[in-house]
Every structure is written in C-alpha cells, then in structure tokens.
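Raw contents of entry15.txt, compact mmCIF, C-alpha atoms:
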# COMPACT_ATOMS: atom_id res chain seq x y z
CA MET A 1 -21.56 -3.87 24.72
CA GLU A 2 -22.46 -6.19 21.92
CA ILE A 3 -19.53 -7.36 19.78
CA ASP A 4 -21.22 -6.13 16.58
CA ILE A 5 -21.37 -2.59 17.97
CA ILE A 6 -17.69 -2.74 18.98
CA ARG A 7 -16.87 -3.90 15.46
CA LEU A 8 -18.97 -1.11 13.94
CA LEU A 9 -17.18 1.48 16.10
CA LEU A 10 -13.78 0.13 15.03
CA ASP A 11 -14.83 0.16 11.37
CA PHE A 12 -16.14 3.72 11.75
CA GLY A 13 -12.95 4.91 13.41
CA LEU A 14 -10.84 3.46 10.62
CA VAL A 15 -13.01 4.81 7.82
CA VAL A 16 -12.89 8.34 9.27
CA LEU A 17 -9.15 8.06 9.75
CA ILE A 18 -8.44 6.78 6.24
CA TRP A 19 -10.49 9.58 4.67
CA ILE A 20 -8.54 12.18 6.68
CA ILE A 21 -5.29 10.57 5.56
CA GLN A 22 -6.42 10.28 1.95
CA ARG A 23 -7.87 13.76 1.51
CA ILE A 24 -5.64 15.84 3.82
CA VAL A 25 -2.48 14.16 5.12
CA TYR A 26 -1.03 12.35 2.11
CA PRO A 27 -1.73 15.17 -0.40
CA SER A 28 -0.05 17.63 2.00
CA PHE A 29 3.23 15.70 1.63
CA LEU A 30 3.62 17.24 -1.84
CA HIS A 31 3.93 20.71 -0.29
CA TYR A 32 6.97 20.01 1.91
CA SER A 33 10.61 20.37 1.04
CA THR A 34 12.51 17.08 1.39
CA GLY A 35 14.01 17.96 4.77
CA ASN A 36 10.74 19.24 6.20
CA LEU A 37 8.86 16.23 4.82
CA VAL A 38 11.20 13.77 6.48
CA THR A 39 10.94 15.61 9.81
CA TRP A 40 7.14 15.85 9.62
CA HIS A 41 6.77 12.29 8.32
CA ARG A 42 8.59 10.86 11.34
CA ILE A 43 6.31 12.82 13.69
CA TYR A 44 3.20 11.94 11.66
CA THR A 45 3.89 8.21 11.50
CA SER A 46 4.47 7.87 15.24
CA ARG A 47 1.39 9.91 16.12
CA PHE A 48 -0.92 8.26 13.63
CA GLY A 49 0.56 4.86 14.44
CA ALA A 50 -0.57 5.24 18.05
CA ILE A 51 -4.13 5.58 16.74
CA VAL A 52 -4.13 3.29 13.70
CA ILE A 53 -2.34 0.26 15.18
CA PRO A 54 -4.79 -0.35 18.07
CA LEU A 55 -7.76 0.19 15.75
CA MET A 56 -6.41 -2.21 13.12
CA PHE A 57 -5.55 -4.89 15.68
CA GLY A 58 -8.92 -4.40 17.35
CA GLN A 59 -10.73 -4.73 14.03
CA LEU A 60 -8.77 -7.85 13.12
CA GLY A 61 -9.27 -9.43 16.54
CA VAL A 62 -13.00 -8.75 16.64
CA SER A 63 -13.37 -10.00 13.08
CA ILE A 64 -11.57 -13.27 13.88
CA TYR A 65 -13.73 -13.65 17.00
CA GLN A 66 -16.87 -13.09 14.91
CA VAL A 67 -15.83 -15.78 12.41
CA LEU A 68 -15.15 -18.24 15.23
CA MET A 69 -18.46 -17.50 16.97
CA LEU A 70 -20.65 -17.39 13.88
CA THR A 71 -19.36 -18.26 10.45
CA SER A 72 -21.45 -16.40 7.91
CA PHE A 73 -21.00 -14.60 4.63
CA TYR A 74 -20.70 -11.34 6.57
CA THR A 75 -18.06 -12.52 9.04
CA VAL A 76 -15.92 -14.37 6.50
CA GLY A 77 -16.29 -11.64 3.86
CA SER A 78 -15.31 -8.98 6.39
CA LEU A 79 -12.26 -10.94 7.47
CA VAL A 80 -11.17 -11.37 3.84
CA VAL A 81 -11.42 -7.60 3.26
CA ILE A 82 -9.51 -6.88 6.48
CA ILE A 83 -6.76 -9.31 5.45
CA LEU A 84 -6.55 -7.60 2.04
CA ILE A 85 -6.16 -4.25 3.81
CA TRP A 86 -3.38 -5.67 6.01
CA ILE A 87 -1.59 -7.18 2.99
CA SER A 88 -1.80 -3.92 1.06
CA THR A 89 -0.58 -1.98 4.10
CA PHE A 90 2.57 -4.07 4.52
CA TRP A 91 3.22 -4.83 0.86
CA ILE A 92 2.53 -1.39 -0.64
CA PHE A 93 2.42 1.33 2.01
CA VAL A 94 5.10 0.37 4.53
CA PRO A 95 7.73 0.35 1.74
CA ILE A 96 6.61 3.79 0.49
CA HIS A 97 6.74 5.19 4.02
CA SER A 98 10.23 3.70 4.41
CA ILE A 99 11.34 5.50 1.26
CA ILE A 100 10.02 8.79 2.68
CA SER A 101 11.64 8.21 6.08
CA ASN A 102 14.98 7.40 4.45
CA GLU A 103 14.98 10.71 2.56
CA ASN A 104 14.76 8.94 -0.79
CA SER A 105 11.29 9.99 -1.90
CA SER A 106 10.49 11.75 -5.11
CA GLU A 107 7.36 13.59 -6.15
CA SER A 108 6.28 10.47 -8.05
CA ASP A 109 6.55 8.40 -4.81
CA LEU A 110 4.29 10.88 -3.03
CA VAL A 111 1.77 10.93 -5.88
CA SER A 112 1.89 7.13 -5.93
CA LEU A 113 1.16 7.07 -2.19
CA VAL A 114 -1.99 9.14 -2.69
CA ASN A 115 -3.14 7.18 -5.74
CA LYS A 116 -2.49 3.73 -4.27
CA ASN A 117 -4.11 4.66 -0.97
CA TRP A 118 -7.47 4.84 -2.73
CA LEU A 119 -7.42 1.03 -2.49
CA ARG A 120 -7.50 1.11 1.33
CA THR A 121 -9.88 4.06 1.35
CA ILE A 122 -12.40 2.19 -0.80
CA LEU A 123 -11.97 -1.11 1.07
CA TRP A 124 -12.41 0.46 4.52
CA THR A 125 -15.38 2.50 3.28
CA LEU A 126 -17.11 -0.56 1.83
CA LEU A 127 -16.33 -2.53 4.97
CA PHE A 128 -17.88 0.15 7.18
CA ILE A 129 -21.01 0.32 4.99
CA TYR A 130 -21.25 -3.48 5.06
CA SER A 131 -20.91 -3.55 8.86
CA PHE A 132 -23.40 -0.73 9.27
CA LEU A 133 -25.98 -2.50 7.11
CA GLU A 134 -25.37 -5.77 8.96
CA VAL A 135 -25.67 -4.25 12.45
CA MET A 136 -28.71 -2.17 11.52
CA ASP A 137 -30.21 -5.31 9.94
CA PHE A 138 -31.00 -3.82 6.52

Output the file's structure in the form of structure tokens.
Amino acid sequence: MEIDIIRLLLDFGLVVLIWIIQRIVYPSFLHYSTGNLVTWHRIYTSRFGAIVIPLMFGQLGVSIYQVLMLTSFYTVGSLVVIILIWISTFWIFVPIHSIISNENSSESDLVSLVNKNWLRTILWTLLFIYSFLEVMDF
C-alpha cells in the first residue's frame, strides 16, 4: 500500500474520531454528576486512548517519513500541523482531563474542554482535506 494512502487513512480515522469526540463525547460530560463523570471519564479515556494513541503515533511517524523521503510544502506543512495538534493535546487537553480524573472539574472546565477542542477539530479536519486533495491530485 502506498504511503500516501496509509497517511490518508490515518488522517481520516482521526478526523472521524475528533468529530465524534467534539459533537457527542465531550458535550455529554455536562450531563453527568461529578461521581458518575469521574467513573465514566476513566473508562472513556482508557478506551479512546487505545484507539487514539496508535492513530496519532502512526500519523506522526508517517508524516516524518514523508518529510524525510520527499520534502515539499505538503509534507512539511502537514508535519507542522501535526506538531501543533500534539502540542495542544499535551499543553491544553491532558491538564483538563487530569482535572476531571482528579474529581476537581467544574462546569466551566467541561465547557472549556468543548470550546478549546474546536482547535483540534479544525486542525484535523483541514489536515484531512489537505491530504485528500494531495492524494487525489487536485
């Protein structure tokens, strides 16, 4: 399988996943009591982590490989966007998830999670569109 198709599949998987998280999972957090939220959040993070982590590492690895094999505006631009997503994940979202897991979250933390996650949703969506257009040679 061509590396560009593997990359497109990884990008597609992540864009579908982030839209599910953004439109269904994160907003649902507002409907749980604190105790139920903490219980569900621990289950959710481990289950989604088993899907998200391999996809994110796969996307990063393939992107680095693409830059090394052919440095172009597409490969470098994609890698920059992926790095921005990783930075935002660890700088913004991991701390919010830690607050939830430690039973310290407020409604404003949960609203903030939804609002701030639009950043990753938009970046992953644009990245998928960019990859799609590149692979389909538009």

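Atom CA of Val81 of chain A is found 10.2 Å from atom CA of Leu60 of chain A.
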
Excluding same-chain residues fewer than 6 positions from Ser33 of chain A, what lies within 12 Å of it counting all atoms listed in the file, as a PyMOL selection string?
chain A and resi 39-41+100+103+105-107

Please identify all polymer residues within 9 Å of segment 127-129 of chain A, counting all atoms listed in the file, omitting same-chain residues fewer than 6 positions from it, and present them as an NGL selection string.
:A and (8 or 10-12 or 14-15 or 78 or 81-82)

Which of these, A:Thr34, A:Asp137, A:Thr71, A:Thr45, has the shortest distance to Val94 of chain A once you count only C-alpha atoms?
A:Thr45

Report, as AutoDock Vina command-line options, the axis-aligned box around all atoms of segment 77-87 of chain A present in the file, extended by 4 Å on each side; give centre and edge lengths in Å to one decimal place.
--center_x -8.9 --center_y -7.9 --center_z 4.8 --size_x 22.7 --size_y 15.4 --size_z 13.4

Any idea what the distance is between atom CA of Arg23 of chain A and atom CA of Leu133 of chain A?
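Atom CA of Leu133 of chain A lies at a distance of 25.0 Å from atom CA of Arg23 of chain A.
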
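Proximity of A:Tyr74, A:Phe29, A:Tyr44, A:Trp19 to Phe132 of chain A, computed with all atoms listed in the file, is greatest for A:Tyr74.
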
Would you kindly return, as a PyMOL selection string, each protein, DNA or RNA residue with an atom no farther than 9 Å from any atom of Leu113 of chain A, considering all atoms listed in the file and excluding same-chain residues fewer than 3 positions away?
chain A and resi 26-27+92-93+96-97+108-110+116-118
